[in-house]
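Below is upload.txt, which holds compact mmCIF, C-alpha atoms.
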```txt
# COMPACT_ATOMS: atom_id res chain seq x y z
CA MET A 1 51.86 -38.25 56.98
CA GLY A 2 53.03 -41.29 58.88
CA SER A 3 52.95 -44.93 57.88
CA HIS A 4 52.33 -47.93 60.10
CA PRO A 5 51.71 -50.80 57.66
CA ASP A 6 50.39 -53.27 60.24
CA ALA A 7 47.84 -50.82 61.64
CA GLU A 8 46.85 -49.66 58.17
CA GLU A 9 46.38 -53.20 56.86
CA THR A 10 44.37 -54.16 59.94
CA ALA A 11 42.06 -51.18 59.47
CA ALA A 12 41.70 -51.90 55.74
CA SER A 13 40.76 -55.51 56.48
CA TYR A 14 38.40 -54.75 59.34
CA TYR A 15 36.50 -52.03 57.49
CA GLY A 16 36.40 -53.83 54.13
CA LEU A 17 38.50 -51.30 52.21
CA MET A 18 38.52 -52.15 48.51
CA VAL A 19 41.68 -52.85 46.58
CA GLY A 20 43.09 -49.57 45.25
CA TRP A 21 42.13 -47.66 48.38
CA HIS A 22 44.60 -47.01 51.21
CA PHE A 23 44.57 -45.94 54.84
CA TYR A 24 47.52 -43.96 56.23
CA THR A 25 48.23 -43.15 59.85
CA PRO A 26 48.81 -39.43 60.55
CA GLY A 27 52.18 -38.21 61.68
CA PRO A 28 52.85 -35.89 64.62
CA GLU A 29 52.74 -32.79 62.40
CA ASP A 30 49.55 -33.76 60.55
CA SER A 31 46.20 -32.09 61.19
CA VAL A 32 42.75 -33.59 60.79
CA CYS A 33 41.62 -30.24 59.38
CA ARG A 34 44.01 -30.34 56.42
CA SER A 35 44.49 -33.67 54.73
CA PRO A 36 47.31 -34.26 52.23
CA ASP A 37 46.66 -34.01 48.51
CA LEU A 38 44.27 -36.70 47.22
CA CYS A 39 43.47 -37.85 50.78
CA SER A 40 40.60 -37.25 53.14
CA SER A 41 40.62 -37.54 56.93
CA VAL A 42 38.24 -39.92 58.69
CA PHE A 43 37.66 -40.57 62.39
CA LEU A 44 37.68 -44.20 63.49
CA LYS A 45 34.36 -43.62 65.25
CA GLN A 46 32.84 -42.69 61.90
CA LEU A 47 34.01 -46.02 60.49
CA GLU A 48 32.65 -47.82 63.55
CA PHE A 49 29.27 -46.22 62.83
CA GLY A 50 29.14 -47.61 59.30
CA LEU A 51 30.97 -45.20 57.00
CA ARG A 52 32.69 -47.15 54.23
CA PHE A 53 34.79 -46.37 51.18
CA PRO A 54 34.08 -45.89 48.39
CA LEU A 55 31.14 -43.90 49.66
CA HIS A 56 27.66 -44.87 48.58
CA PRO A 57 26.47 -42.31 45.97
CA PHE A 58 23.80 -40.95 48.33
CA ILE A 59 26.25 -40.46 51.22
CA ASN A 60 28.55 -38.72 48.77
CA LEU A 61 25.64 -36.52 47.62
CA LEU A 62 24.91 -35.51 51.21
CA LEU A 63 28.52 -34.38 51.66
CA GLN A 64 28.42 -32.48 48.38
CA ARG A 65 25.14 -30.72 49.17
CA ALA A 66 26.22 -29.89 52.71
CA ASN A 67 29.57 -28.67 51.35
CA VAL A 68 31.22 -30.32 54.32
CA ALA A 69 34.29 -32.48 54.89
CA ILE A 70 33.79 -35.90 56.46
CA THR A 71 35.76 -34.99 59.57
CA GLN A 72 33.69 -31.84 60.15
CA LEU A 73 30.78 -34.15 60.97
CA HIS A 74 30.22 -35.59 64.43
CA PRO A 75 30.27 -39.42 64.32
CA LEU A 76 26.60 -39.46 65.34
CA ALA A 77 25.81 -37.44 62.22
CA ILE A 78 27.51 -40.12 60.13
CA ARG A 79 25.61 -42.78 62.10
CA THR A 80 22.26 -41.19 61.24
CA MET A 81 23.18 -40.74 57.57
CA VAL A 82 24.21 -44.38 57.28
CA VAL A 83 21.18 -45.77 59.11
CA TRP A 84 18.66 -43.65 57.19
CA THR A 85 20.23 -44.64 53.87
CA TRP A 86 20.31 -48.30 54.94
CA VAL A 87 16.59 -48.30 55.74
CA CYS A 88 15.71 -46.71 52.39
CA LEU A 89 17.82 -49.21 50.45
CA PHE A 90 16.53 -52.17 52.45
CA LYS A 91 12.93 -51.06 51.88
CA GLU A 92 13.78 -50.50 48.20
CA TRP A 93 13.03 -46.78 48.36
CA GLU A 94 15.17 -44.44 46.29
CA PRO A 95 17.01 -42.26 48.85
CA SER A 96 15.84 -38.69 48.32
CA ILE A 97 17.81 -35.61 49.30
CA ASP A 98 14.55 -33.70 49.76
CA VAL A 99 13.11 -36.31 52.13
CA PHE A 100 16.38 -36.44 54.06
CA ARG A 101 16.58 -32.69 54.51
CA SER A 102 12.90 -32.49 55.45
CA LEU A 103 13.87 -34.69 58.42
CA HIS A 104 17.36 -33.40 59.29
CA PHE A 105 19.48 -30.28 59.58
CA LEU A 106 23.09 -29.58 60.57
CA LYS A 107 24.15 -27.34 63.43
CA MET A 108 27.68 -26.34 64.38
CA GLY A 109 28.92 -27.07 67.87
CA THR A 110 30.14 -24.46 70.29
CA GLY A 111 33.09 -24.21 72.66
CA SER A 112 35.48 -27.13 72.20
CA SER A 113 33.21 -28.52 69.45
CA GLU A 114 33.30 -25.36 67.33
CA GLY A 115 33.98 -26.23 63.70
CA TYR A 116 32.29 -29.63 64.00
CA TRP A 117 28.72 -30.18 62.88
CA SER A 118 26.01 -32.34 64.42
CA LEU A 119 22.94 -33.65 62.61
CA TYR A 120 19.59 -32.99 64.26
CA THR A 121 16.24 -34.62 63.52
CA GLU A 122 13.07 -32.59 63.19
CA PRO A 123 10.62 -32.91 66.13
CA GLY A 124 8.21 -35.79 65.76
CA PHE A 125 10.59 -37.98 63.78
CA CYS A 126 13.16 -40.67 64.59
CA THR A 127 15.62 -41.91 61.98
CA SER A 128 18.05 -44.02 64.06
CA TYR A 129 17.36 -46.22 67.05
CA PRO A 130 18.38 -46.56 69.76
CA LYS A 131 19.42 -42.95 70.04
CA LEU A 132 22.82 -41.89 71.34
CA THR A 133 23.44 -38.44 72.70
CA SER A 134 27.22 -38.44 73.12
CA VAL A 135 30.41 -40.20 72.05
CA LYS A 136 33.52 -39.89 74.20
CA ASP A 137 37.01 -39.08 72.92
CA TRP A 138 36.03 -39.49 69.25
CA ARG A 139 38.52 -36.91 68.00
CA GLU A 140 41.53 -38.77 69.35
CA ARG A 141 41.78 -41.48 66.67
CA TRP A 142 41.73 -40.79 62.95
CA LEU A 143 43.28 -41.86 59.66
CA PHE A 144 43.86 -40.57 56.17
CA VAL A 145 42.10 -42.42 53.36
CA GLN A 146 43.36 -42.20 49.79
CA PRO A 147 41.16 -43.25 46.84
CA PRO A 148 42.36 -44.46 43.42
CA THR A 149 40.75 -41.35 41.88
CA PRO A 150 40.22 -37.91 43.48
CA PHE A 151 37.29 -37.32 45.84
CA ASP A 152 34.49 -35.12 44.51
CA HIS A 153 33.33 -33.84 47.90
CA PRO A 154 35.15 -31.38 50.23
CA ARG A 155 38.27 -32.88 51.79
CA ARG A 156 39.20 -30.06 54.13
CA PHE A 157 37.28 -27.98 56.66
CA ARG A 158 34.82 -25.49 55.17
CA ASN A 159 33.19 -22.40 56.66
CA ASP A 160 30.32 -22.22 54.15
CA VAL A 161 28.49 -25.38 55.25
CA HIS A 162 24.94 -25.79 53.91
CA ALA A 163 23.03 -26.71 57.06
CA ARG A 164 19.84 -27.81 55.26
CA PHE A 165 21.73 -29.43 52.37
CA GLU A 166 20.84 -26.50 50.14
CA THR A 167 21.74 -26.25 46.50
CA ALA A 168 24.19 -23.48 45.64
CA THR A 169 21.30 -21.32 44.41
CA GLU A 170 19.21 -21.91 47.54
CA TRP A 171 22.18 -21.16 49.76
CA CYS A 172 22.81 -17.84 48.04
CA VAL A 173 19.18 -16.82 48.63
CA ALA A 174 18.83 -18.11 52.21
CA LYS A 175 21.77 -19.42 54.21
CA VAL A 176 19.44 -21.89 55.92
CA LEU A 177 16.44 -23.02 53.89
CA PRO A 178 13.23 -23.16 56.00
CA VAL A 179 11.92 -26.71 56.27
CA THR A 180 8.51 -25.40 55.16
CA ASP A 181 10.04 -24.56 51.77
CA ILE A 182 10.84 -28.21 51.03
CA ILE A 183 8.09 -29.61 48.84
CA LEU A 184 7.61 -33.39 48.75
CA ILE A 185 5.62 -35.40 46.25
CA PRO A 186 3.19 -38.08 47.59
CA GLY A 187 5.69 -40.96 47.36
CA GLN A 188 8.28 -38.92 49.26
CA MET A 189 5.71 -37.97 51.88
CA ARG A 190 5.04 -41.66 52.55
CA VAL A 191 8.75 -42.23 53.15
CA GLN A 192 8.90 -39.23 55.46
CA GLU A 193 5.86 -40.48 57.44
CA TYR A 194 7.58 -43.84 57.98
CA PHE A 195 9.97 -42.13 60.40
CA LYS A 196 7.33 -40.60 62.68
CA THR A 197 7.55 -41.26 66.41
CA ASP A 198 5.28 -42.56 69.16
CA HIS A 199 5.49 -42.06 72.91
CA GLY A 200 6.63 -45.08 74.87
CA GLY A 201 6.71 -45.69 78.60
CA LYS A 202 8.11 -43.03 80.96
CA GLY A 203 7.78 -40.39 78.27
CA GLU A 204 10.27 -42.09 75.94
CA THR A 205 10.04 -41.24 72.25
CA ILE A 206 10.15 -44.37 70.12
CA PRO A 207 9.85 -45.08 66.36
CA HIS A 208 6.27 -45.48 65.13
CA THR A 209 7.39 -48.24 62.76
CA TRP A 210 10.30 -50.67 62.55
CA LEU A 211 13.85 -49.35 62.57
CA PRO A 212 16.81 -51.75 62.57
CA PRO A 213 19.18 -51.95 65.55
CA VAL A 214 22.13 -49.74 64.65
CA ASP A 215 24.78 -51.98 66.18
CA VAL A 216 23.64 -54.82 63.89
CA ILE A 217 23.33 -53.11 60.52
CA THR A 218 26.72 -51.38 60.80
CA GLU A 219 28.41 -54.78 60.57
CA LYS A 220 30.09 -55.69 57.28
CA LEU A 221 27.51 -58.27 56.24
CA TYR A 222 24.51 -55.99 56.61
CA LEU A 223 26.15 -52.95 55.06
CA SER A 224 27.02 -55.18 52.12
CA ARG A 225 23.46 -56.48 51.92
CA VAL A 226 22.16 -53.09 50.72
CA GLY A 227 25.27 -51.84 48.89
CA LEU A 228 26.67 -49.50 51.56
CA LEU A 229 29.78 -51.67 51.51
CA PRO A 230 30.41 -52.18 47.79
CA ALA A 231 31.03 -55.69 46.51
CA GLN A 232 34.09 -56.46 44.47
CA PRO A 233 33.71 -58.10 41.05
CA PRO A 234 33.47 -61.93 41.19
CA GLY A 235 36.77 -63.50 42.16
CA LYS A 236 38.18 -60.29 43.61
CA LEU A 237 38.83 -59.59 47.28
CA TRP A 238 38.57 -56.79 49.72
CA GLN A 239 41.86 -56.16 51.44
CA GLY A 240 41.97 -58.99 53.93
CA GLY A 241 38.82 -60.89 53.07
CA PRO A 242 36.16 -62.01 50.59
CA SER A 243 33.39 -59.79 49.31
CA PHE A 244 29.66 -60.19 49.76
CA CYS A 245 27.35 -59.32 46.92
CA ARG A 246 24.24 -57.21 47.41
CA CYS A 247 22.07 -60.35 47.40
CA PHE A 248 24.12 -62.21 50.00
CA PRO A 249 21.64 -64.08 52.24
CA ILE A 250 21.28 -62.88 55.79
CA SER A 251 20.40 -64.97 58.80
CA THR A 252 18.66 -62.27 60.83
CA CYS A 253 14.99 -61.72 60.03
CA PHE A 254 14.16 -58.03 59.75
CA CYS A 255 10.38 -58.12 60.06
CA CYS A 256 8.53 -54.94 59.31
```
Have the structure of the file written as structure tokens, please.
Amino acid sequence: MGSHPDAEETAASYYGLMVGWHFYTPGPEDSVCRSPDLCSSVFLKQLEFGLRFPLHPFINLLLQRANVAITQLHPLAIRTMVVWTWVCLFKEWEPSIDVFRSLHFLKMGTGSSEGYWSLYTEPGFCTSYPKLTSVKDWRERWLFVQPPTPFDHPRRFRNDVHARFETATEWCVAKVLPVTDIILIPGQMRVQEYFKTDHGGKGETIPHTWLPPVDVITEKLYLSRVGLLPAQPPGKLWQGGPSFCRCFPISTCFCC
């Protein structure tokens, strides 16, 4: 594991890494598939798409239920996880694993992408907008991140990924749980229906209701607004800058 203090401090400042957490640059012999003890690998594109440490409890739960390491996920999968969680928190809905997996499933890539998993949305739904279909050269830049206490989600590549975020019992019964087996209560069904789609001009599929612009809400201020970028206690600092509390006022009006 290499060390480039300037680069590491710049990344910690830019991505709002809390005191006690550390980024390390990989050395020439390091592999993204096998992180050092206590560390996890993370692609810079995943950070650009809103992933922050420490992870929000729901993002952490998704990794636990999928039994997947962060760097096994395509950056667009992280993007969708972050945006969907942001919308739920902003709308003051409790993020639900059952609602999330009724809308999404993981699928492993093929060819050069084998071993990496993408997140797909069920037909008739849209959970991030505008949609992206590809990201170039995302595997070229990555870091190690070390927490003050050990991670409780997989840190290294796994073969037994739970594509529908199954529990251990569900996964033993059916390796991929049919979406029809996911039962939602009325409140969860209303959240699910929020993400339905309409047809726009030229056959474009667009959200039926308001979804925030992804390039806006992945900024530090807006992630902080809903708790996806944790605030430090009063008087404390992120590495390189001040913290914003969950109630920090925002200047952009998100009308819905």
Dig up all the protein and nucleic acid residues within 8 Å of (27.8, -46.0, 59.9) in the file frame, using all atoms listed in the file, and format them as number ranges by chain.
-> A: 46-52, 78-83, 218
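When only C-alpha atoms are used to compute distances to Pro75 of chain A, the closest of the residues A:Leu119, A:Leu103, A:Leu61, A:Cys33 turns out to be A:Leu119.
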Point out the residue among A:Lys136, A:Pro54, A:Thr127, A:Ala7 with the least atom-to-atom distance to Trp84 of chain A, counting only C-alpha atoms.
-> A:Thr127
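For the residues A:Trp93, A:Phe195, A:Phe100, A:Tyr15, ranking by smallest atom-to-atom distance to Ile182 of chain A using all atoms listed in the file places A:Phe100 first.
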Do a neighbour search on Pro148 of chain A at 12 Å with only C-alpha atoms, toss out local chain neighbours closer than 4 positions, and write the hits as a PDB file with C-alpha atoms, in the frame of the given file.
```
ATOM      1  CA  LEU A  17      38.500 -51.300  52.210  1.00  0.00           C
ATOM      2  CA  MET A  18      38.520 -52.150  48.510  1.00  0.00           C
ATOM      3  CA  VAL A  19      41.680 -52.850  46.580  1.00  0.00           C
ATOM      4  CA  GLY A  20      43.090 -49.570  45.250  1.00  0.00           C
ATOM      5  CA  TRP A  21      42.130 -47.660  48.380  1.00  0.00           C
ATOM      6  CA  HIS A  22      44.600 -47.010  51.210  1.00  0.00           C
ATOM      7  CA  PHE A  23      44.570 -45.940  54.840  1.00  0.00           C
ATOM      8  CA  LEU A  38      44.270 -36.700  47.220  1.00  0.00           C
ATOM      9  CA  CYS A  39      43.470 -37.850  50.780  1.00  0.00           C
ATOM     10  CA  PHE A  53      34.790 -46.370  51.180  1.00  0.00           C
ATOM     11  CA  PRO A  54      34.080 -45.890  48.390  1.00  0.00           C
TER      12      PRO A  54
END
```
What separation in Å, quoted to one decimal, exists between atom CA of Ser41 of chain A and atom CA of Leu143 of chain A?
->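 Taking atom CA of Ser41 of chain A and atom CA of Leu143 of chain A, their separation equals 5.8 Å.
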